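Structure data (compact mmCIF, C-alpha atoms) from data.txt:
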```txt
# COMPACT_ATOMS: atom_id res chain seq x y z
CA MET A 23 1.83 -27.75 -48.81
CA THR A 24 1.47 -27.44 -45.04
CA LEU A 25 1.38 -24.17 -43.14
CA ILE A 26 4.90 -24.89 -41.81
CA ASP A 27 6.20 -25.31 -45.34
CA HIS A 28 4.38 -22.19 -46.51
CA LEU A 29 5.95 -20.08 -43.77
CA HIS A 30 9.41 -21.57 -44.42
CA LEU A 31 9.56 -22.89 -40.88
CA ARG A 32 10.36 -26.49 -41.75
CA GLU A 33 14.10 -26.16 -41.02
CA PRO A 34 13.71 -24.46 -37.59
CA VAL A 35 11.12 -27.05 -36.56
CA GLU A 36 13.33 -29.92 -37.67
CA ALA A 37 16.29 -28.33 -35.86
CA LEU A 38 14.21 -28.09 -32.69
CA LYS A 39 13.24 -31.75 -32.98
CA ALA A 40 16.91 -32.69 -33.41
CA LYS A 41 18.07 -30.49 -30.51
CA VAL A 42 19.72 -32.35 -27.62
CA VAL A 43 20.64 -31.35 -24.06
CA PRO A 44 23.82 -32.75 -22.47
CA ARG A 45 23.44 -34.90 -19.35
CA HIS A 46 25.97 -34.73 -16.51
CA GLY A 47 26.16 -34.61 -12.73
CA THR A 48 24.64 -31.12 -12.46
CA SER A 49 22.02 -31.36 -15.20
CA MET A 50 19.24 -30.55 -12.72
CA TRP A 51 20.27 -26.88 -12.80
CA TYR A 52 19.19 -26.70 -16.45
CA TYR A 53 15.54 -26.83 -15.40
CA LEU A 54 15.65 -23.66 -13.29
CA GLY A 55 15.42 -21.37 -16.30
CA GLY A 56 12.21 -23.07 -17.42
CA LEU A 57 10.81 -22.93 -13.89
CA ALA A 58 11.54 -19.19 -13.77
CA LEU A 59 9.69 -18.79 -17.08
CA PHE A 60 6.73 -20.66 -15.57
CA PHE A 61 6.52 -18.32 -12.56
CA PHE A 62 6.87 -15.34 -14.91
CA LEU A 63 3.87 -16.58 -16.92
CA VAL A 64 1.91 -17.09 -13.68
CA GLN A 65 2.66 -13.46 -12.82
CA ILE A 66 1.29 -12.29 -16.17
CA VAL A 67 -1.92 -14.35 -15.97
CA THR A 68 -2.74 -13.54 -12.34
CA GLY A 69 -1.71 -9.91 -12.78
CA LEU A 70 -4.11 -9.50 -15.70
CA LEU A 71 -6.93 -11.02 -13.63
CA LEU A 72 -6.24 -8.64 -10.75
CA LEU A 73 -6.27 -5.67 -13.14
CA PHE A 74 -10.00 -6.16 -13.72
CA TYR A 75 -10.72 -5.08 -10.13
CA TYR A 76 -7.74 -3.05 -8.89
CA GLN A 77 -8.03 0.77 -8.71
CA PRO A 78 -4.71 2.66 -8.44
CA THR A 79 -5.74 5.59 -6.23
CA PRO A 80 -5.01 6.21 -2.52
CA GLU A 81 -8.73 6.31 -1.81
CA ALA A 82 -9.64 3.10 -3.63
CA ALA A 83 -6.49 0.95 -3.83
CA HIS A 84 -6.78 -0.71 -0.42
CA LYS A 85 -10.55 -1.09 -0.73
CA SER A 86 -10.24 -2.70 -4.17
CA VAL A 87 -7.68 -5.21 -2.90
CA GLU A 88 -9.94 -5.92 0.08
CA TRP A 89 -12.84 -6.40 -2.33
CA ILE A 90 -10.76 -8.84 -4.38
CA THR A 91 -9.88 -10.93 -1.34
CA THR A 92 -13.35 -10.96 0.24
CA LYS A 93 -15.96 -10.60 -2.53
CA VAL A 94 -14.49 -11.72 -5.86
CA PRO A 95 -14.80 -15.50 -6.41
CA PHE A 96 -11.36 -17.06 -5.93
CA GLY A 97 -9.96 -13.52 -5.65
CA ALA A 98 -8.04 -14.28 -2.46
CA VAL A 99 -6.40 -17.32 -4.08
CA ILE A 100 -5.47 -15.38 -7.24
CA ARG A 101 -3.94 -12.57 -5.18
CA SER A 102 -2.03 -15.03 -3.00
CA VAL A 103 -0.78 -16.92 -6.05
CA HIS A 104 0.37 -13.63 -7.59
CA SER A 105 2.21 -12.57 -4.44
CA TRP A 106 3.78 -15.94 -3.66
CA SER A 107 4.79 -16.56 -7.28
CA SER A 108 6.57 -13.20 -7.40
CA ASN A 109 8.69 -14.30 -4.44
CA ALA A 110 9.22 -17.72 -5.98
CA LEU A 111 10.26 -16.10 -9.27
CA ILE A 112 12.93 -13.97 -7.58
CA ALA A 113 14.20 -16.94 -5.56
CA VAL A 114 14.42 -19.22 -8.61
CA VAL A 115 16.09 -16.55 -10.77
CA LEU A 116 18.60 -15.89 -7.98
CA ILE A 117 19.47 -19.60 -7.73
CA HIS A 118 19.56 -19.90 -11.52
CA MET A 119 21.96 -16.96 -11.75
CA PHE A 120 24.39 -18.40 -9.20
CA SER A 121 24.20 -21.90 -10.67
CA THR A 122 25.05 -20.42 -14.08
CA PHE A 123 27.91 -18.51 -12.46
CA PHE A 124 29.41 -21.55 -10.74
CA MET A 125 29.09 -23.71 -13.86
CA ARG A 126 30.80 -20.92 -15.87
CA SER A 127 27.97 -21.14 -18.39
CA TYR A 128 28.57 -17.49 -19.24
CA ARG A 129 31.69 -18.29 -21.27
CA SER A 130 31.77 -17.77 -25.03
CA PRO A 131 29.53 -17.76 -26.96
CA ARG A 132 27.02 -17.12 -24.15
CA ALA A 133 28.34 -13.81 -22.80
CA ILE A 134 25.44 -11.76 -24.16
CA LEU A 135 23.04 -14.42 -22.86
CA TRP A 136 24.48 -13.83 -19.38
CA VAL A 137 24.02 -10.06 -19.73
CA THR A 138 20.37 -10.45 -20.71
CA GLY A 139 19.92 -12.65 -17.64
CA ILE A 140 21.38 -9.94 -15.38
CA ILE A 141 19.08 -7.35 -16.93
CA LEU A 142 16.11 -9.66 -16.37
CA PHE A 143 17.11 -10.10 -12.73
CA VAL A 144 17.16 -6.32 -12.25
CA LEU A 145 13.77 -6.01 -13.99
CA ILE A 146 12.28 -8.70 -11.74
CA LEU A 147 13.52 -6.84 -8.66
CA GLY A 148 11.88 -3.76 -10.17
CA PHE A 149 8.59 -5.67 -10.37
CA GLY A 150 8.92 -6.52 -6.68
CA PHE A 151 9.66 -2.93 -5.69
CA THR A 152 6.94 -1.28 -7.78
CA GLY A 153 4.29 -3.83 -6.83
CA TYR A 154 4.86 -3.59 -3.09
CA LEU A 155 3.02 -0.27 -2.68
CA LEU A 156 -0.04 -1.21 -4.73
CA PRO A 157 -2.15 -2.62 -1.83
CA TRP A 158 -1.61 0.76 -0.12
CA ASP A 159 -1.42 -0.67 3.38
CA LEU A 160 0.57 0.73 6.29
CA THR A 161 3.68 -1.42 5.94
CA ALA A 162 3.86 -1.02 2.15
CA TYR A 163 3.57 2.76 2.42
CA PHE A 164 6.45 3.20 4.86
CA ALA A 165 8.63 0.58 3.17
CA THR A 166 8.20 2.43 -0.11
CA ARG A 167 8.95 5.75 1.56
CA ILE A 168 12.23 4.31 2.84
CA GLY A 169 13.02 2.62 -0.47
CA THR A 170 12.46 5.74 -2.55
CA GLU A 171 14.87 7.69 -0.33
CA VAL A 172 17.84 5.53 -1.36
CA PRO A 173 18.23 6.85 -4.95
CA LYS A 174 18.90 10.33 -3.53
CA ALA A 175 22.47 9.17 -2.97
CA VAL A 176 23.03 8.69 -6.71
CA PRO A 177 25.37 11.46 -7.91
CA VAL A 178 23.86 14.10 -10.20
CA PHE A 179 20.70 12.12 -11.08
CA GLY A 180 19.62 11.12 -7.56
CA SER A 181 17.05 13.84 -6.97
CA TRP A 182 15.65 13.37 -10.46
CA ILE A 183 15.21 9.62 -9.91
CA VAL A 184 13.39 10.18 -6.62
CA SER A 185 11.19 12.83 -8.22
CA MET A 186 10.39 10.50 -11.11
CA LEU A 187 9.43 7.65 -8.75
CA ARG A 188 7.42 9.72 -6.29
CA GLY A 189 5.97 12.43 -8.50
CA SER A 190 6.29 14.80 -5.52
CA ASN A 191 8.44 15.40 -2.44
CA ALA A 192 6.69 12.64 -0.48
CA VAL A 193 4.97 9.31 -1.17
CA THR A 194 1.50 10.33 -2.37
CA GLY A 195 -1.16 9.31 -4.84
CA ALA A 196 1.19 10.40 -7.63
CA THR A 197 3.71 7.83 -6.38
CA LEU A 198 1.08 5.10 -6.49
CA SER A 199 0.11 6.06 -10.05
CA ARG A 200 3.72 6.08 -11.24
CA LEU A 201 4.68 2.80 -9.62
CA PHE A 202 1.49 1.24 -10.98
CA ALA A 203 2.37 2.43 -14.50
CA LEU A 204 5.88 1.03 -14.15
CA HIS A 205 4.56 -2.25 -12.74
CA VAL A 206 1.92 -3.00 -15.38
CA GLY A 207 3.22 -1.07 -18.39
CA VAL A 208 6.89 -0.18 -18.61
CA LEU A 209 8.53 -3.14 -16.85
CA PRO A 210 6.42 -5.83 -18.60
CA LEU A 211 7.36 -4.33 -21.98
CA PHE A 212 11.10 -4.53 -21.24
CA ALA A 213 10.71 -7.92 -19.58
CA PHE A 214 8.95 -9.35 -22.63
CA VAL A 215 11.76 -8.14 -24.92
CA PHE A 216 14.55 -9.56 -22.77
CA VAL A 217 12.74 -12.81 -21.93
CA THR A 218 12.23 -13.40 -25.65
CA ALA A 219 15.89 -12.62 -26.40
CA HIS A 220 17.03 -14.83 -23.52
CA VAL A 221 14.93 -17.79 -24.64
CA ILE A 222 15.99 -17.48 -28.28
CA MET A 223 19.70 -17.27 -27.40
CA THR A 224 19.35 -20.25 -25.05
CA ALA A 225 17.84 -22.24 -27.90
CA LEU A 226 20.58 -21.14 -30.31
CA PHE A 227 23.59 -21.66 -28.05
CA GLY A 228 22.33 -24.69 -26.15
CA SER A 229 23.20 -25.73 -22.60
CA ALA A 230 26.82 -25.34 -21.51
CA ILE A 231 28.67 -28.20 -19.85
CA PRO A 232 30.54 -27.18 -16.66
CA ILE A 233 34.31 -26.86 -17.06
CA GLY A 234 36.06 -30.11 -16.18
CA ARG A 235 32.98 -32.26 -16.76
CA SER A 236 32.00 -34.30 -19.77
CA ALA A 237 28.53 -35.15 -20.94
CA LYS A 238 27.68 -38.72 -19.92
CA ALA A 239 24.87 -38.82 -22.47
CA GLU A 240 22.48 -36.63 -24.36
CA THR A 241 18.78 -36.07 -23.84
CA ARG A 242 16.56 -35.10 -26.73
CA PHE A 243 14.98 -31.70 -26.21
CA ILE A 244 11.68 -33.07 -27.55
CA PRO A 245 10.15 -35.01 -25.89
CA GLN A 246 12.42 -35.99 -22.95
CA TYR A 247 13.61 -32.56 -21.77
CA ILE A 248 10.27 -30.86 -22.40
CA LEU A 249 8.52 -33.65 -20.50
CA GLY A 250 10.83 -33.08 -17.51
CA GLU A 251 10.08 -29.34 -17.64
CA ALA A 252 6.33 -30.06 -17.82
CA VAL A 253 6.52 -32.28 -14.73
CA LEU A 254 8.45 -29.56 -12.87
CA TRP A 255 5.89 -26.95 -13.92
CA LEU A 256 3.05 -29.12 -12.60
CA ILE A 257 4.89 -29.60 -9.30
CA GLY A 258 5.53 -25.88 -9.09
CA LEU A 259 1.86 -25.13 -9.75
CA ALA A 260 0.73 -27.64 -7.12
CA VAL A 261 3.09 -26.23 -4.48
CA LEU A 262 2.12 -22.67 -5.39
CA LEU A 263 -1.61 -23.38 -5.04
CA ALA A 264 -1.08 -25.24 -1.76
CA VAL A 265 0.93 -22.38 -0.27
CA ALA A 266 -1.56 -19.78 -1.54
CA VAL A 267 -4.49 -21.62 0.06
CA LEU A 268 -2.80 -22.60 3.33
CA PHE A 269 -0.93 -19.30 3.81
CA PRO A 270 -3.00 -16.56 2.16
CA TRP A 271 -1.15 -13.31 1.54
CA GLN A 272 -2.15 -10.86 4.25
CA LEU A 273 -3.44 -7.33 3.76
CA GLY A 274 -2.51 -4.81 6.44
CA PRO A 275 -4.52 -1.77 7.56
CA ALA A 276 -4.94 1.00 4.99
CA TYR A 277 -2.80 4.12 5.14
CA ASP A 278 -4.67 7.44 5.24
CA LEU A 279 -2.72 10.37 3.75
CA THR A 280 -4.97 12.83 5.61
CA LYS A 281 -4.01 11.32 8.97
CA PRO A 282 -0.21 10.88 9.01
CA VAL A 283 1.12 8.44 11.60
CA GLU A 284 4.53 7.23 12.67
CA PRO A 285 5.91 4.16 10.90
CA PRO A 286 5.29 0.88 12.74
CA ALA A 287 8.21 -0.68 14.59
CA GLY A 288 10.37 -2.96 12.49
CA VAL A 289 8.98 -1.88 9.12
CA HIS A 290 11.19 -3.36 6.44
CA PRO A 291 11.24 -4.26 2.73
CA GLU A 292 10.72 -7.73 1.28
CA TRP A 293 13.38 -10.39 1.88
CA TYR A 294 15.16 -9.81 -1.43
CA PHE A 295 16.03 -6.23 -0.41
CA MET A 296 16.95 -6.99 3.19
CA PHE A 297 20.69 -7.22 2.47
CA LEU A 298 20.60 -3.66 1.08
CA TYR A 299 18.45 -2.52 4.00
CA GLN A 300 21.04 -3.83 6.46
CA THR A 301 23.95 -2.38 4.49
CA LEU A 302 22.44 1.09 4.85
CA LYS A 303 22.78 0.73 8.63
CA TYR A 304 26.53 0.35 8.35
CA ILE A 305 27.57 2.79 5.64
CA PRO A 306 26.17 6.04 4.16
CA GLU A 307 23.64 5.77 1.37
CA TRP A 308 26.03 7.16 -1.25
CA ALA A 309 28.63 4.53 -0.33
CA ALA A 310 26.05 1.71 -0.49
CA VAL A 311 24.71 2.87 -3.87
CA THR A 312 28.24 3.21 -5.25
CA PHE A 313 29.32 -0.18 -3.92
CA TYR A 314 26.33 -2.12 -5.28
CA THR A 315 26.51 -0.31 -8.63
CA ILE A 316 30.13 -1.43 -8.99
CA VAL A 317 29.15 -4.96 -7.95
CA LEU A 318 26.35 -5.05 -10.54
CA ILE A 319 28.63 -3.81 -13.32
CA PHE A 320 31.30 -6.34 -12.32
CA TRP A 321 28.70 -9.12 -12.27
CA ALA A 322 27.53 -8.18 -15.77
CA VAL A 323 31.03 -8.16 -17.32
CA VAL A 324 32.24 -11.37 -15.66
CA PRO A 325 32.31 -13.27 -19.00
CA TRP A 326 35.00 -10.89 -20.24
CA LEU A 327 36.94 -10.83 -16.96
CA ASP A 328 37.12 -14.59 -16.42
CA ARG A 329 39.81 -15.38 -18.98
CA LYS A 330 40.37 -18.90 -17.66
CA ALA A 331 36.75 -19.78 -18.39
CA ARG A 332 37.26 -18.72 -22.00
CA ARG A 333 40.17 -21.16 -22.15
CA GLU A 334 38.02 -23.90 -20.58
CA GLN A 335 40.03 -23.74 -17.34
CA LYS A 336 38.76 -23.65 -13.76
CA SER A 337 39.21 -20.49 -11.72
CA LEU A 338 39.37 -20.59 -7.92
CA LEU A 339 39.22 -16.79 -7.80
CA PHE A 340 35.77 -16.54 -9.39
CA ARG A 341 34.51 -19.52 -7.41
CA TRP A 342 35.42 -17.73 -4.19
CA ILE A 343 33.86 -14.52 -5.48
CA GLY A 344 30.59 -16.40 -5.92
CA ILE A 345 30.85 -18.01 -2.47
CA LEU A 346 31.58 -14.64 -0.82
CA ALA A 347 28.65 -13.04 -2.67
CA ILE A 348 26.23 -15.68 -1.38
CA ALA A 349 27.69 -15.54 2.14
CA GLY A 350 27.51 -11.75 2.19
CA MET A 351 23.88 -11.59 1.05
CA ALA A 352 22.82 -14.38 3.42
CA GLY A 353 24.70 -12.87 6.35
CA LEU A 354 23.33 -9.36 5.84
CA THR A 355 19.79 -10.69 5.36
CA THR A 356 20.01 -12.72 8.57
CA LEU A 357 21.32 -9.73 10.53
CA ALA A 358 18.53 -7.60 9.09
CA TYR A 359 15.81 -9.97 10.31
CA ILE A 360 17.45 -10.21 13.74
CA SER A 361 17.50 -6.42 13.91
CA VAL A 362 13.85 -6.18 12.88
CA ALA A 363 12.84 -8.77 15.50
CA GLN A 364 14.69 -6.79 18.17
CA GLU A 365 12.98 -3.54 17.14
CA GLN A 366 9.57 -5.17 17.22
CA GLY A 367 10.30 -6.78 20.59
CA THR A 368 11.42 -3.46 22.07
CA ALA A 369 8.31 -1.70 20.73
CA ALA A 370 6.03 -4.41 22.14
CA LEU A 371 7.72 -4.14 25.54
CA GLU A 372 7.31 -0.34 25.55
CA GLN A 373 3.63 -0.66 24.65
CA THR A 374 3.10 -3.16 27.46
CA THR A 375 4.88 -0.92 29.94
CA THR A 376 2.87 2.12 28.82
CA ALA A 377 -0.40 0.18 29.05
CA HIS A 378 0.37 -0.98 32.60
CA GLY A 379 1.40 2.52 33.59
CA SER A 380 -1.79 4.07 32.26
CA THR A 381 -4.10 1.54 33.97
CA ASP A 382 -2.37 1.49 37.35
CA THR A 383 -3.48 4.97 38.51
CA THR A 384 -4.52 4.11 42.07
CA GLN A 385 -2.36 5.38 44.91
CA PRO A 386 -2.05 3.56 48.25
CA LYS A 387 -3.63 5.39 51.17
```
Once more with this new file: its structure as structure tokens, please.
Amino acid sequence: MTLIDHLHLREPVEALKAKVVPRHGTSMWYYLGGLALFFFLVQIVTGLLLLFYYQPTPEAAHKSVEWITTKVPFGAVIRSVHSWSSNALIAVVLIHMFSTFFMRSYRSPRAILWVTGIILFVLILGFGFTGYLLPWDLTAYFATRIGTEVPKAVPVFGSWIVSMLRGSNAVTGATLSRLFALHVGVLPLFAFVFVTAHVIMTALFGSAIPIGRSAKAETRFIPQYILGEAVLWLIGLAVLLAVAVLFPWQLGPAYDLTKPVEPPAGVHPEWYFMFLYQTLKYIPEWAAVTFYTIVLIFWAVVPWLDRKARREQKSLLFRWIGILAIAGMAGLTTLAYISVAQEQGTAALEQTTTAHGSTDTTQPK
């Protein structure tokens, strides 16, 4: 008797071998989930390697990251891969989420699968937010200070959330310790649970065919589909290594808590929070928090709201909702970067003017 027989795993293994994936005009979108899983695994591996050298204190954090990038063999590459793959993970998950939305793959029996995907997206954004401060450089410090102000607008629990994140009234060493604990302890635990649930439900329910399309053929999960995923993973790894080597992730100057300074001009969060950053310029924080909370809840319960999808019918309403969501995020992000560029340009001009004014002290006789 083989080990598989002894563990009563023969039927699941045979079912996996017999599993097929439908082929149609938009089958390429099926591979995004696997690519997101690949970048998630890269995050785990590189994050564990960085943990051997990183020290989560205001005095040592920046120095330890600097040591990693300058003294540790291949440390700069590992750090760059970790940083670039985190951005790639968010980008791929974002595209995967919208492709699932437009294909109406959230319809029964995959409603809970969709919800776990939304939760994973929020957790991944949490990884991005909590990891941003860890290098303890100037930009990260002020971006985190701005970011941790936003939850104050949450009714009733706002002050408690800010206090939990910061550990004090301002961004201090306690904030670094708490965000580090969330980044390497709490969030990975929840992510592992929901990634596992998401993968298992995907295997159980299979890949949904978009409404109005029919499968032209079927592809066996093993080996054809897995082989395609493996090729995509290798391409992703090659691109990731090339980007990490050619465009190493930069480390800004350290922030010294004993010598407070003004935030640099144009300080801003990472690209995936820029739409929220720009929204806060137009409406009060409480309105922005309320609006995006409603949007998130709506997005999570879409499978139960889209009744036409449950009846295998197309819905122009939800298609336009998806288009408007993409247009809104893209538009706000673009405006945010334009605004940041203008702020930095104005600051540079003022510095140039001040420098000329301070050097030109001679008076004509």
Counting only C-alpha atoms, what are the residues of region 237-313 of chain A within 10 Å of region 77-98 of chain A, and for each of them which pair of atoms is the nearest and at what distance in Å, to one decimal? Sort the table by chain and rising number, as CSV.
```
residue,atom,partner,partner_atom,distance
A:Ala266,CA,A:Ala98,CA,8.5
A:Val267,CA,A:Ala98,CA,8.5
A:Pro270,CA,A:Ala98,CA,7.2
A:Trp271,CA,A:Ala98,CA,8.0
A:Gln272,CA,A:Thr91,CA,9.5
A:Leu273,CA,A:Glu88,CA,7.6
A:Gly274,CA,A:His84,CA,9.1
A:Pro275,CA,A:His84,CA,8.4
A:Ala276,CA,A:His84,CA,6.0
A:Tyr277,CA,A:Pro80,CA,8.2
A:Asp278,CA,A:Pro80,CA,7.9
A:Leu279,CA,A:Pro80,CA,7.9
```
Which of A:Gly195, A:Gly207, A:Pro245, A:Pro291 sits closest to Ala162 (chain A) [using all atoms listed in the file]: A:Pro291
Given all atoms listed in the file as the counted atoms, nearest of A:Pro306, A:Gly350, A:Pro325, A:Pro232 to Trp51 (chain A): A:Pro232
Would you compute an axis-aligned box for region 327-338 of chain A, covering every atom listed for it in the file with 3 Å of margin on each side, and report centre and edge lengths in Å to one decimal as AutoDock Vina command-line options?
```
--center_x 38.6 --center_y -17.4 --center_z -15.0 --size_x 9.6 --size_y 19.1 --size_z 20.2
```
Atomic separation - CA of Ser121 (chain A) relative to CA of Gln300 (chain A), Å: 25.1 Å
